[in-house]
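Notes follow the structure.
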Amino acid sequence: MLTYTLRRLLMSIPTLLFIAFVIFMLLELAPGDPMASMPLTIPPEVKQQMREALGLGQPWYVRFPLWLNQFFIVEPQYWFDNTFGTNFADGAQRIISFQSRAPVFDVIAERIPQTLWVVGMSYVVGVLIALPIGIISAYKQYSVFDQSGTFITMIGFSIPPFFTGPLLIVIFAVQLDWLPSIYDTTHQVVDWETFKFQMWQMVLPVMVLALQTTAQIARYMRASMLDNLGQDYVRTARAKGLTESVVVMKHVLRNSMIPVITVIALGIPSIFGGAIITEQVFKVNGLGQLLILALQGSDIPMVMTITFLLAVLIVLMNLIADVLYGVFDPRIRYD
Amino acid sequence: MPDGALPVLDVRDLKTVFKTRAGEVHAVNDVSFSLKPGELLGVVGESGSGKSVTMMSLLGLLPSPPADVRGGTVAFDGKDLLKVDRETLRSVRGGKIGFVFQDPMTSLNPVFTVGQQIAEPLRKHMGMNKKQAAARSQELLELVGIPDAKRRLADYPHQFSGGMRQRVMIAIALACDPQVLIADEPTTALDVTIQAQILELMKELRSKLGMAVIWITHDLGVIAGIADRVIVMYGGQIAEHAPVRELFGNPQHPYTRALLKTIPTIHGERAARLTVIEGQPPLMVGPPVACPFRDRCDVAFERCTRENPPRYDVGPGHDAACFYDANTGAPRDA
Amino acid sequence: MTKRAPQASADNLLPAGDPVAPAPAPARNQWWDVWDQFKTHKGALIGLGFLIFITLFVLIGPLLWDVDPTKTDIRNKDYRPIYTALWDSSAKTGWHKPLGSDNLGRDILANMMQGGRISLAVGWTAMILAVFLGTLIGVMAGYFRRLDGLLMRFTDLVLALPLLPLLLVMMLLFRDPLRAAFGPENGIFILIVIGIGITSWMQTARIVRGDVMALKEREFVLAARSIGTPARRMITRHLLPNVLSPIMVSATLGLATAIITESALSFLGLGFPPDFATWGKILNDSVPRMVQFPERVILPGLAISLTVLSVNYIGDGLRDALDPRIRGH
Amino acid sequence: DAHEGERGRDGEVKIIYWQAPSIMNPYLSGGTKDIEAASLVLEPLARYDENGTMVPFLATEIPTVENGGVSEDLQSITWTIDPDVTWSDGTAVTARDVQFTFEYCTAEGGGCAQGAKFGNVESVEIIDDKTVKVNFDGPAPNPYQAFVGQESPIIQAAQFAECLGPRAPECTDANFQPIGTGPFVVTDFRVNDVIQFAANESYRVPNKPAFATVTLKGGGDATAAGRAVLETGEFDYAWNLQLAPDVIASMAEAGQGTPVSAFGTLVERIEMNLTNPSPDVPEGERSTVAAPHPFLSDPAVREALSIAIDRDLLVEIGYGQAGRPTCNLVPAPVLYASDNTACLTQDIDRANALLDEAGYMDTDGDGVRETPDGLPLSILYQTSTNAVRQDFQALIKEWWTEIGVETELRNIDGSVFFGGDPGSPDTFQRFYADVEMYANNFPGTDPQAYLGAYLCDNIPSPDTQWQGENINRFCDPEYDALWAEMAATADLDERGRIGKQLNDMVTKDSNVIVPLVDRGRVSAHSNTLGGVILNTWDSELWNVADWYRIGDNR
Amino acid sequence: MLDDPKEPLVSVRDLKMHFPIYKGLFRRRAGEVKAVDGVSFDVMEGETLGLVGESGCGKSTCGRAVLRLYDITSGAISIDGKEIGNTAQSKLRTMRPTMQMVFQDPQASLNPRMTVEAIIKEPLDEHTKLSEKEKRDKVGELMDAVGLNRKFAKRYPHAFSGGQRQRIGIARALALNPKFIVCDEPIAALDVSIQAQVVNLLEDLQEQFGLTYLFISHDLSMVRHIATRVAVMYLGKIVELAPREALYADPLHPYTQALLSAVPEPDPSLASRTERIILKGDVPSPSNPPEGCNFCTRCPAVMDICKRIEPDYREVKPGHFTACHLYNDPNDTAEFTAGHEAKKSTNKERVT
Ligand SMILES: Nc1ncnc2c1ncn2[C@@H]1O[C@H](COP(=O)(O)OP(=O)(O)OP(=O)(O)O)[C@@H](O)[C@H]1O
Ligand SMILES: Nc1ncnc2c1ncn2[C@@H]1O[C@H](COP(=O)(O)OP(=O)(O)OP(=O)(O)O)[C@@H](O)[C@H]1O
Ligand SMILES: [Mg+2]
Ligand SMILES: [Mg+2]
């Protein structure tokens, strides 16, 4: 297993380098300009100077290796220096955002907590809702619950978040005044009260995002459960005199979870990048919002770094999905 | 085999139907038999004749819907298993009646270790703690002849060969010292050499533990070597029921006779051409109104298409459901 | 060997085993069987009904209700749908604006029809393109071992590509040639459809690949090889029909995603010209006025959801109907 | 009075900017959101009040020729720094800080966004600790560019000493938490997300600011921002509500807050391309002066297009109280605003007549006029993506259809449209369309530089990498000469006269620029927030020190 | 048939089929599953060679390798005079009509989405230029030949019973008039009452078309019925090959003996009388076969030499080949047989 993982990791390096190159060239070709967000009152020659100060005067074959160097050598050095108080980086230039002139990694680090809180939580919630729905739907196939579950999850899937988001805000924040419509990213959880507030403010965005997750995972779960409910070992378990709940929740579930877990793992990258609209609607300024702002502002270093990190996540999650398969399914052994 | 002993299991008029789109499939029709302590009852019959469904009906293991156990009684331990509540039924399953299924490759849960799977009924029925269960599991594995049992408890089913898996299945079924062991084609999926091993094991265990066994198979050779009494099923009904030697020596039902003829052997005369039971097995949609074997029977006559024959006694402990009397070569009286 | 028992029981269920069972009349087209099975799926029938309705609505509707959807009419702006009058007699309603009008007085009914045409066209074509690409790449990767690594890495790559810059680059490179070749509207249509199509096939590819890999080990593929069936027909004849159901699932999900992505694109300014309504855009534009004019979000929202739902149910029904095992006799 | 009391008495004020600030240093970003956020901390020597009048901030008074602050030859201006002013770290503000600010922005390789402010500054001299003299490279009729207004505040020399030129971006701490003289200091800065401020304990005015902390949240969209202030009351102040008037009005009905508006110099306009953008023209000549436009180069067509537009309706639909129809490029200040109203009434008939006269007739009966050469009057009309602009496009397209002009609409993502990427065909400067619509204004109150955009030299072309502000490719030697005259004139009235004349030349006289709406600003504040005075000449937050909580006087 | 030796139609020499196992960080080839490890045999024209052995011993692999459905590791195969051992797959296509295969699982080997007609027609589509009508006629003939009602042509495989499905598979194999058919456990998945039908059909067809079969099975009694000669495989190797009667009457290799004794006897009177040789343990893994003789781990007559040296595969009696050290010296068979008898009595478990 370990060598398998290592081998996959090694193999993914060239892939990732290539992906980095393609993304870079794509951004290079794309017609955006970091100066677009500057007011028109700033004269063109000043804008030109600003562009040059950002390093945009250099051709791509200079800037790409530079970025690679910064990403793979300078940034880890900085990180190391920060953790152990050494001085390897020695003042080398880090990846700097065009928009804020802040080191890209610092900004990303700042965003990760709220992304995890909201987007991560919504995924967890979505999965937690989806699994029972999938399980019950399969166990009671073609029952009313199954039919309506399918119907509702499909509806959830087919309504875009830029509709559900404002709709929920209008209902719960404006009309009922129960929940805040704007997420407070500065909120610190220190005690029960603040925790409660944190939960409150997460309800709406989490609901919107979870809707999407739920629909997909529930369908997978249902299909997988159906596959396994018909297996011989289920009959064996029953013949042992086990209660129905043990049979379903232990024997069937464990087997059904194997493919679903990989689906869940493969879905993680897309939620990080895919929560853009919801983040926007609720002003949960997470990674998605950072990415979209960077895209709109043609903040190439930021876009490049975030998309590349997402690519790493995608490749990594592919790997994790495969490894998890091996972990949960003893029949599969990688070596 | 103690002939006069009270049966441990007594099945009367068991009836199971499946509701399908094509109609009601009468998979088991008024099946009655009994099992005496320590005896091995063989059940043979072609595929789809209702062997498995009969046995699973006893313990309520059939999925419902589509299955529906319509009637009959299953007397076991002073209770009717078809009427008891779920909890009692569960305590019988795996506790007093062990079940071994046909396909060892798929009957074990692939994601739990063998040890966990053996321990489950022990903890459930015998109330053992983890440690006791582990110790007992090890004993059981040793009992069924798996070497290095202690280490192998931690292995997963896929790490076992087919024969060993079947032994594990047997160990699970034996876990709680059952009074009855039902083995549904336990060796069909195995090689002859491995099958021989399992049959040996079975004989050994039976003499050691003294339980009653129902052994389903469609291999007459296996039956010949292991059974005390045999039931031949056809079309959801019992066609013939006899002590084993009686069955092979004096088959009374035309289906049994045909069956005995179709199989080639490695000894004796090599037939130039195999005998074939022409035609197809019955559909069993709708309740039986005639003999299910009539279309394929070489002695069938008019009455066979009108009435479903009851089981006629043809000798001591020997009965056959046929209007045709093989001994006399003439139809029985109405 | 392991398959024996269930298979045997299936045999007996079916009259096929019975030689006297009447064989289906040879004249009868097998699509009738498909239809017969399809009919038994209630959801699929309702779905089909709705899909036909909505298709007629957008195709024939404009002939019957020939109001120019882009025609502004300030005096008659902000009409409510006619049914509002049922509970609110003071609402501004009128039969000449059956579903009301927007803030520029454009007729919502006409826009729904016009928008539906585009949304459905984009949805279907982009979905077909995505499914085609996904299937192609999935089959290639699953069938040809040597291509597998490469194609799957390519899939990762496309997954990692940010959609927005990609579309911008496509716009940059192809908008003018396409506009010259097909006219402004068709040009942008092709661009959008391709944009959505080439960025949403990955899931399909992954699933199809997995299934093809499994199918490849099945004996009937080996049997075909023993006959000497070449790879091309091996794929079209043996593999594709058997991966139909996952493809169908991707297709139904793909239609929803395509319609929604298109609207998100209009939102980002990469979609159709501004005077070109689509359901997604109507929905999007009306979100700020959702409280005063809920119908403006509900109508297109409902149209999208119901279309997606009905396609989903049709997919379910078709999947069953196309599977001879389920279809039965 | 309720709003008197000690500093910090009113607790927290929450401001929402739907565009999130990304940096607190206006010299590194010219973005309005960044500059306004920075204005809570950093202050210039003088700024404009809500009427566009200059008021001293860090300076003791506004230097003029009269009070001797501006030299007679207009070559220098001398500022005196208020002795009470200290940095928030307690140190005194000195002439060196002012001088350093100049050095900072003009350092080589720094990419200073406010370079234009210092364009004519030759040197900044320290006279004494509190007096500083700015020398110009020639007579400067408007010497109030450098160090005036929100764009060029004074930064602390001590803090930024290491951040000159190429090193500017490395000073993340300084860029995010600059030490300033304003009423607040940054306590927490999160890029593109939220900024938290606390009252500046060394602020020069006692008992101000009334609020102890400010939370400035960024991100989302204007609708949500408006809702948060007007409907749910979660926030106290929402910046720049670019929303349709009916949307704002319905939000305001909730009674939590009040929209406020004010006018400045921002004009939404249609720019006519005087050169031919057709893809049939060879690349290199397309949209350059080498290829004049087949019909838009005819003033009659341009006039017809202009008067076919109903500006009142546009205002009603798009801006409501935050807009008014205009025919001027420079709508304010009064001194420069021409009394040009000819375009205000829509006159389709006259437009038709104009086209008929000029010989553009619909010869083939398809409803679209043709030029005498048989070329249809077909226009590609582009703008950036924005709901109001798309509504405008829809309306204008229809009016133009009525006068026999066919219109194809296109909207382009703002980051591309306003981006200067010379490789992109979609930038507003490259202008590969017949007409385009956007809004522009000028900083401060002097339009000279703004009007200078339409000089012949400023025409974008492939040679200049499509840079240049004269996007209509308008070129009139008379205009150039008049502008030069203005640049040399110091007398305000005279400047006003020339300014109006220049304005008329590009609008009324030639209709090269077709102004549509004088766009004000709408912001909203909560009903419990007092002291808000909306200012379009400077930062909206210019008087945040005077804000207070109504009815909440702890 | 036995008495007039015909020309070998199929001749296999030292066939090896090793499936690679990859291991380690860089997927180095770490070993292989020696599914078939040096197998040689001939199949005479018109005869049926039975191939028996336990599950996993490599029977199917061998059958498939002979038809070159795999790219074999090494060895020579000639069919009908053509050497196909290392012909490229694309060139093999033209050879396919001569050699066909009937598969073990009639359910799995039929594409569930094709009608019976399409399935049987497929080889015709691939290899003939017949018109649609001709093809349909031919399909009809084939269906007649295998005893399927022509009316069923438009049905799908799931609508048939196991025996009928196997007939479809046989019809498909027959479509191109092959000379040689590999039957890979064609009856293993069928019910006893149906097995006979299929076997009879195969025999009839052999007679009718002069077919040559390689009949793979683990059912020794059925092989005895159908095969002319029988080869016994164990762990990738043929351990014994002999004419049918010779093999069943006088099995030489201890494995063959054990195998034969393990077959359940459906006659209770005989059943109790036959001695059973119960083998201990399981078949070793083909990726890691034991040193020396493959059978040495389970052999009741194991000797020291067996654990060191692999026995040669040689003809110990005319037409009777085996690979066992017990018969090492061909000149002195008798002695070894005696020795073997002695061993047998000491080492095996006797069951009565
Ligand atoms: N789930 C089901 N739905 C409908 N019919 C069923 C179902 N399960 C079994 N049957 C029917 O019940 C009958 C008896 O099946 P059963 O499995 O008992 O046969 P069997 O004798 O055990 O055969 P085998 O030897 O193949 O195991 C068959 O005709 C079968 O078609
Ligand atoms: N594609 C493959 N890759 C790796 N190993 C394989 C492959 N195919 C077969 N094997 C291995 O080769 C050995 C022989 O397999 P084969 O299927 O030929 O056995 P068999 O004798 O036909 O068994 P059965 O009676 O179960 O069909 C087995 O150990 C099997 O695991
Ligand atoms: Mg069974
Ligand atoms: Mg095999």
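Each chain of the structure tokens is named A, B, ... in the order shown, its residues numbered from 1; ligands are numbered from 1 in display order.
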
TODO: Find the residues around Leu235 (chain E) up to 9 Å (only C-alpha atoms counted), leave out those fewer than 2 positions away in its own chain, and share them as a VMD selection string.
DONE: chain E and resid 34 to 37 53 to 54 56 to 58 233 237 to 238 283 to 286 289 294 to 295

TODO: Please return, as an NGL selection string, all residues of chain B lying within 10 Å of chain A when only C-alpha atoms are considered.
DONE: :B and (56 or 59-63 or 86-113 or 117-118 or 120-122 or 124-125 or 155-159 or 169 or 172-173 or 175-176)

Open item on the list: Should the cut-off be 7 Å, what would the residue list for chain D against chain A look like, counting only C-alpha atoms, as an MDAnalysis selection string?
Closed with: chainID D and resid 22:23 30:31 109:113 115:116 166 169 172 191 193 219:220 231:232 415:416 418:421 423:424 440:443 467:468

Using only C-alpha atoms and all ligand atoms, which residues of the polymer chains come no farther than 9 Å from ligand 1? I'd like the answer as a compact mmCIF listing (two decimals) with N, CA, C and O atoms, in the first residue's frame.
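Okay, part-v6.txt is ready:
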```
# COMPACT_ATOMS: atom_id res chain seq x y z
N THR B 16 -45.09 -21.91 -0.33
CA THR B 16 -44.48 -20.59 -0.53
C THR B 16 -44.72 -20.13 -1.96
O THR B 16 -44.52 -20.91 -2.90
N VAL B 17 -45.17 -18.90 -2.08
CA VAL B 17 -45.35 -18.36 -3.43
C VAL B 17 -44.54 -17.07 -3.58
O VAL B 17 -44.25 -16.40 -2.61
N PHE B 18 -44.18 -16.79 -4.82
CA PHE B 18 -43.53 -15.52 -5.14
C PHE B 18 -44.47 -14.72 -6.01
O PHE B 18 -45.00 -15.23 -6.99
N LYS B 19 -44.64 -13.47 -5.63
CA LYS B 19 -45.47 -12.63 -6.48
C LYS B 19 -44.58 -11.97 -7.51
O LYS B 19 -43.66 -11.24 -7.18
N THR B 20 -44.82 -12.27 -8.76
CA THR B 20 -44.01 -11.66 -9.81
C THR B 20 -44.94 -11.03 -10.83
O THR B 20 -46.14 -11.21 -10.78
N GLU B 24 -48.26 -15.44 -9.89
CA GLU B 24 -47.75 -16.02 -8.66
C GLU B 24 -46.97 -17.28 -8.98
O GLU B 24 -47.49 -18.22 -9.58
N VAL B 25 -45.73 -17.32 -8.55
CA VAL B 25 -44.92 -18.52 -8.77
C VAL B 25 -45.04 -19.38 -7.52
O VAL B 25 -44.66 -18.96 -6.44
N HIS B 26 -45.60 -20.56 -7.69
CA HIS B 26 -45.75 -21.46 -6.55
C HIS B 26 -44.50 -22.29 -6.41
O HIS B 26 -44.38 -23.37 -6.97
N ALA B 27 -43.55 -21.76 -5.69
CA ALA B 27 -42.22 -22.37 -5.65
C ALA B 27 -42.19 -23.59 -4.73
O ALA B 27 -41.43 -24.52 -4.96
N VAL B 28 -43.00 -23.55 -3.67
CA VAL B 28 -43.04 -24.69 -2.76
C VAL B 28 -44.50 -25.03 -2.53
O VAL B 28 -45.30 -24.16 -2.18
N VAL B 44 -32.55 -33.75 -3.09
CA VAL B 44 -32.05 -33.58 -4.46
C VAL B 44 -33.18 -33.07 -5.34
O VAL B 44 -34.35 -33.05 -4.96
N GLY B 45 -32.81 -32.69 -6.52
CA GLY B 45 -33.81 -32.19 -7.44
C GLY B 45 -33.13 -31.20 -8.37
O GLY B 45 -32.07 -30.68 -8.06
N GLU B 46 -33.72 -30.99 -9.52
CA GLU B 46 -33.02 -30.12 -10.45
C GLU B 46 -33.14 -28.67 -10.02
O GLU B 46 -33.87 -28.32 -9.10
N SER B 47 -32.40 -27.90 -10.71
CA SER B 47 -32.37 -26.48 -10.39
C SER B 47 -33.77 -25.90 -10.49
O SER B 47 -34.49 -26.17 -11.45
N GLY B 48 -34.14 -25.11 -9.51
CA GLY B 48 -35.44 -24.47 -9.56
C GLY B 48 -36.56 -25.33 -9.03
O GLY B 48 -37.72 -24.95 -9.10
N SER B 49 -36.23 -26.48 -8.48
CA SER B 49 -37.30 -27.35 -8.02
C SER B 49 -37.81 -26.94 -6.64
O SER B 49 -38.74 -27.53 -6.13
N GLY B 50 -37.19 -25.95 -6.03
CA GLY B 50 -37.72 -25.42 -4.78
C GLY B 50 -36.97 -25.88 -3.55
O GLY B 50 -37.43 -25.68 -2.44
N LYS B 51 -35.80 -26.45 -3.74
CA LYS B 51 -35.05 -26.95 -2.59
C LYS B 51 -34.67 -25.80 -1.66
O LYS B 51 -34.96 -25.82 -0.46
N SER B 52 -34.02 -24.81 -2.24
CA SER B 52 -33.56 -23.69 -1.41
C SER B 52 -34.73 -22.94 -0.81
O SER B 52 -34.71 -22.58 0.37
N VAL B 53 -35.74 -22.70 -1.60
CA VAL B 53 -36.87 -21.91 -1.11
C VAL B 53 -37.52 -22.62 0.08
O VAL B 53 -37.87 -22.00 1.07
N THR B 54 -37.63 -23.93 0.00
CA THR B 54 -38.20 -24.68 1.12
C THR B 54 -37.43 -24.40 2.40
O THR B 54 -38.00 -24.04 3.43
N MET B 55 -36.12 -24.52 2.29
CA MET B 55 -35.31 -24.39 3.50
C MET B 55 -35.33 -22.96 4.02
O MET B 55 -35.36 -22.72 5.22
N MET B 56 -35.30 -22.03 3.09
CA MET B 56 -35.29 -20.65 3.56
C MET B 56 -36.65 -20.26 4.13
O MET B 56 -36.72 -19.43 5.03
N LEU B 62 -36.58 -15.63 3.36
CA LEU B 62 -36.89 -15.13 2.01
C LEU B 62 -37.31 -13.68 2.07
O LEU B 62 -37.99 -13.25 3.01
N PRO B 63 -36.90 -12.90 1.11
CA PRO B 63 -37.31 -11.50 1.09
C PRO B 63 -38.80 -11.41 0.81
O PRO B 63 -39.31 -12.07 -0.09
N SER B 64 -39.48 -10.61 1.62
CA SER B 64 -40.91 -10.51 1.43
C SER B 64 -41.30 -9.04 1.36
O SER B 64 -41.08 -8.33 2.35
N PRO B 65 -41.86 -8.53 0.28
CA PRO B 65 -42.11 -9.20 -0.98
C PRO B 65 -40.78 -9.52 -1.69
O PRO B 65 -39.77 -8.94 -1.32
N PRO B 66 -40.78 -10.40 -2.66
CA PRO B 66 -41.92 -11.04 -3.33
C PRO B 66 -42.39 -12.33 -2.67
O PRO B 66 -43.44 -12.82 -3.03
N ALA B 67 -41.59 -12.85 -1.71
CA ALA B 67 -41.97 -14.18 -1.21
C ALA B 67 -43.12 -14.08 -0.22
O ALA B 67 -43.26 -13.08 0.48
N GLN B 102 -24.93 -22.19 -0.51
CA GLN B 102 -24.35 -22.80 -1.68
C GLN B 102 -22.98 -22.23 -2.06
O GLN B 102 -22.04 -22.94 -2.30
N ASP B 184 -27.16 -25.93 2.15
CA ASP B 184 -27.76 -25.75 0.83
C ASP B 184 -26.66 -25.83 -0.22
O ASP B 184 -25.93 -24.88 -0.44
N GLU B 185 -26.55 -26.95 -0.86
CA GLU B 185 -25.53 -27.19 -1.88
C GLU B 185 -24.16 -26.68 -1.44
O GLU B 185 -23.56 -25.86 -2.11
N ILE B 216 -28.72 -30.30 0.96
CA ILE B 216 -29.31 -30.09 -0.36
C ILE B 216 -28.23 -30.23 -1.42
O ILE B 216 -27.12 -29.73 -1.24
N THR B 217 -28.55 -30.88 -2.49
CA THR B 217 -27.57 -31.00 -3.56
C THR B 217 -28.31 -31.41 -4.81
O THR B 217 -29.48 -31.80 -4.75
N HIS B 218 -27.70 -31.29 -5.96
CA HIS B 218 -28.32 -32.00 -7.07
C HIS B 218 -27.37 -33.04 -7.63
O HIS B 218 -27.54 -33.52 -8.71
N MET B 233 -37.02 -33.63 -4.99
CA MET B 233 -38.03 -32.59 -5.25
C MET B 233 -38.16 -32.36 -6.74
O MET B 233 -37.20 -32.44 -7.50
N TYR B 234 -39.36 -32.05 -7.13
CA TYR B 234 -39.58 -31.65 -8.53
C TYR B 234 -40.73 -30.66 -8.57
O TYR B 234 -41.78 -30.90 -7.97
N GLY B 235 -40.53 -29.56 -9.23
CA GLY B 235 -41.61 -28.58 -9.42
C GLY B 235 -42.22 -28.11 -8.12
O GLY B 235 -43.42 -27.93 -8.02
N GLY B 236 -41.41 -27.93 -7.10
CA GLY B 236 -41.91 -27.37 -5.86
C GLY B 236 -42.57 -28.40 -4.96
O GLY B 236 -43.17 -28.05 -3.96
N PRO B 281 -38.34 -27.77 -17.47
CA PRO B 281 -38.96 -27.79 -16.14
C PRO B 281 -40.24 -26.96 -16.13
O PRO B 281 -40.43 -26.09 -16.98
N PRO B 282 -41.15 -27.26 -15.20
CA PRO B 282 -42.43 -26.56 -15.20
C PRO B 282 -42.28 -25.11 -14.77
O PRO B 282 -41.29 -24.72 -14.16
N LEU B 283 -43.29 -24.32 -15.14
CA LEU B 283 -43.22 -22.88 -14.85
C LEU B 283 -43.65 -22.54 -13.45
O LEU B 283 -43.20 -21.58 -12.87
N MET B 284 -44.57 -23.31 -12.91
CA MET B 284 -45.06 -23.12 -11.55
C MET B 284 -45.81 -21.82 -11.35
O MET B 284 -45.91 -21.31 -10.25
N VAL B 285 -46.27 -21.21 -12.43
CA VAL B 285 -47.11 -20.03 -12.28
C VAL B 285 -48.54 -20.51 -12.03
O VAL B 285 -49.07 -21.31 -12.80
N ARG C 4 -25.23 -19.41 -11.16
CA ARG C 4 -26.17 -20.41 -11.60
C ARG C 4 -27.56 -20.29 -10.99
O ARG C 4 -28.56 -20.28 -11.68
N ALA C 5 -27.57 -20.16 -9.66
CA ALA C 5 -28.86 -20.24 -9.01
C ALA C 5 -29.84 -19.14 -9.45
O ALA C 5 -30.94 -19.46 -9.90
N PRO C 6 -29.45 -17.87 -9.41
CA PRO C 6 -30.42 -16.86 -9.81
C PRO C 6 -30.83 -16.99 -11.26
O PRO C 6 -31.98 -16.77 -11.62
N GLN C 7 -29.87 -17.40 -12.05
CA GLN C 7 -30.17 -17.51 -13.46
C GLN C 7 -31.20 -18.60 -13.67
O GLN C 7 -32.17 -18.45 -14.41
N ALA C 8 -30.98 -19.70 -12.93
CA ALA C 8 -31.89 -20.81 -13.10
C ALA C 8 -33.29 -20.41 -12.68
O ALA C 8 -34.27 -20.75 -13.32
N SER C 9 -33.36 -19.61 -11.62
CA SER C 9 -34.69 -19.26 -11.19
C SER C 9 -35.35 -18.33 -12.19
O SER C 9 -36.55 -18.39 -12.40
N ALA C 10 -34.53 -17.50 -12.82
CA ALA C 10 -35.11 -16.59 -13.81
C ALA C 10 -35.71 -17.38 -14.97
O ALA C 10 -36.75 -17.05 -15.50
N ASP C 11 -35.01 -18.43 -15.32
CA ASP C 11 -35.50 -19.23 -16.44
C ASP C 11 -36.94 -19.64 -16.27
O ASP C 11 -37.76 -19.55 -17.16
N ASN C 12 -37.15 -20.10 -15.06
CA ASN C 12 -38.44 -20.72 -14.85
C ASN C 12 -39.56 -19.71 -14.79
O ASN C 12 -40.72 -20.05 -14.89
N LEU C 13 -39.15 -18.48 -14.57
CA LEU C 13 -40.15 -17.44 -14.49
C LEU C 13 -40.72 -17.12 -15.84
O LEU C 13 -41.81 -16.62 -15.97
N LEU C 14 -39.92 -17.37 -16.83
CA LEU C 14 -40.25 -16.82 -18.13
C LEU C 14 -40.78 -17.89 -19.04
O LEU C 14 -40.27 -19.00 -19.06
N ASP E 191 -27.72 -27.47 -15.35
CA ASP E 191 -28.35 -28.44 -14.49
C ASP E 191 -28.12 -29.84 -15.03
O ASP E 191 -28.02 -30.03 -16.24
```

TODO: List all protein, DNA and RNA residues that have at least one atom no more than 9 Å from any atom of ligand 2, counting only C-alpha atoms and all ligand atoms, and write them as an MDAnalysis selection string.
DONE: (chainID B and resid 191) or (chainID C and resid 1 217) or (chainID E and resid 17:21 32:36 52:64 70 104 184:185 216:218 233:236 285:287)

Open item on the list: Tell me as a ChimeraX atom specification which residues belonging to chain E come within 10 Å of chain B, counting only C-alpha atoms.
Closed with: /E:53-56,161,163,188-200,203-204,218-226,245,248-249,255,258-272,276-283,351

TODO: Would you kindly return, as a PyMOL selection string, each protein, DNA or RNA residue with an atom no farther than 9 Å from any atom of Thr262 (chain A), considering only C-alpha atoms and excluding same-chain residues fewer than 5 positions away?
DONE: chain A and resi 257+267+317-318+320-322+324-325

- [ ] Residues of chain D no more than 8 Å from chain C, counting only C-alpha atoms: send them over as a PyMOL selection string.
- [x] chain D and resi 223+247+250+317+384-385+387+390-391+393-395+398+409-413+424-425

Task: Å distance separating CA of Asp30 (chain B) from CA of Asp177 (chain B), one decimal place - done: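 Spanning CA of Asp30 (chain B) to CA of Asp177 (chain B) is a straight-line distance of 29.8 Å.
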
TODO: Identify, on the basis of only C-alpha atoms, every residue whose closest approach to Leu49 (chain E) does not exceed 9 Å; exclude the query and any residue fewer than 6 positions from it along the same chain; express the result as JSON, numbers by chain.
DONE: {"E": [42, 43, 212, 213, 214, 215, 216, 223, 226, 227, 228, 229, 230, 231, 243]}

Task: 9 Å contact set for Tyr139 (chain A), only C-alpha atoms, chain neighbours under 6 positions out, as an MDAnalysis selection string - done: chainID A and resid 146 222 225:226 229 248

Task: Contact residues around Asp148 (chain C) with only C-alpha atoms at 12 Å, ignoring same-chain residues under 3 positions, as a VMD selection string - done: chain C and resid 137 to 145 151 to 155 205 to 206 209 to 210 212 to 213
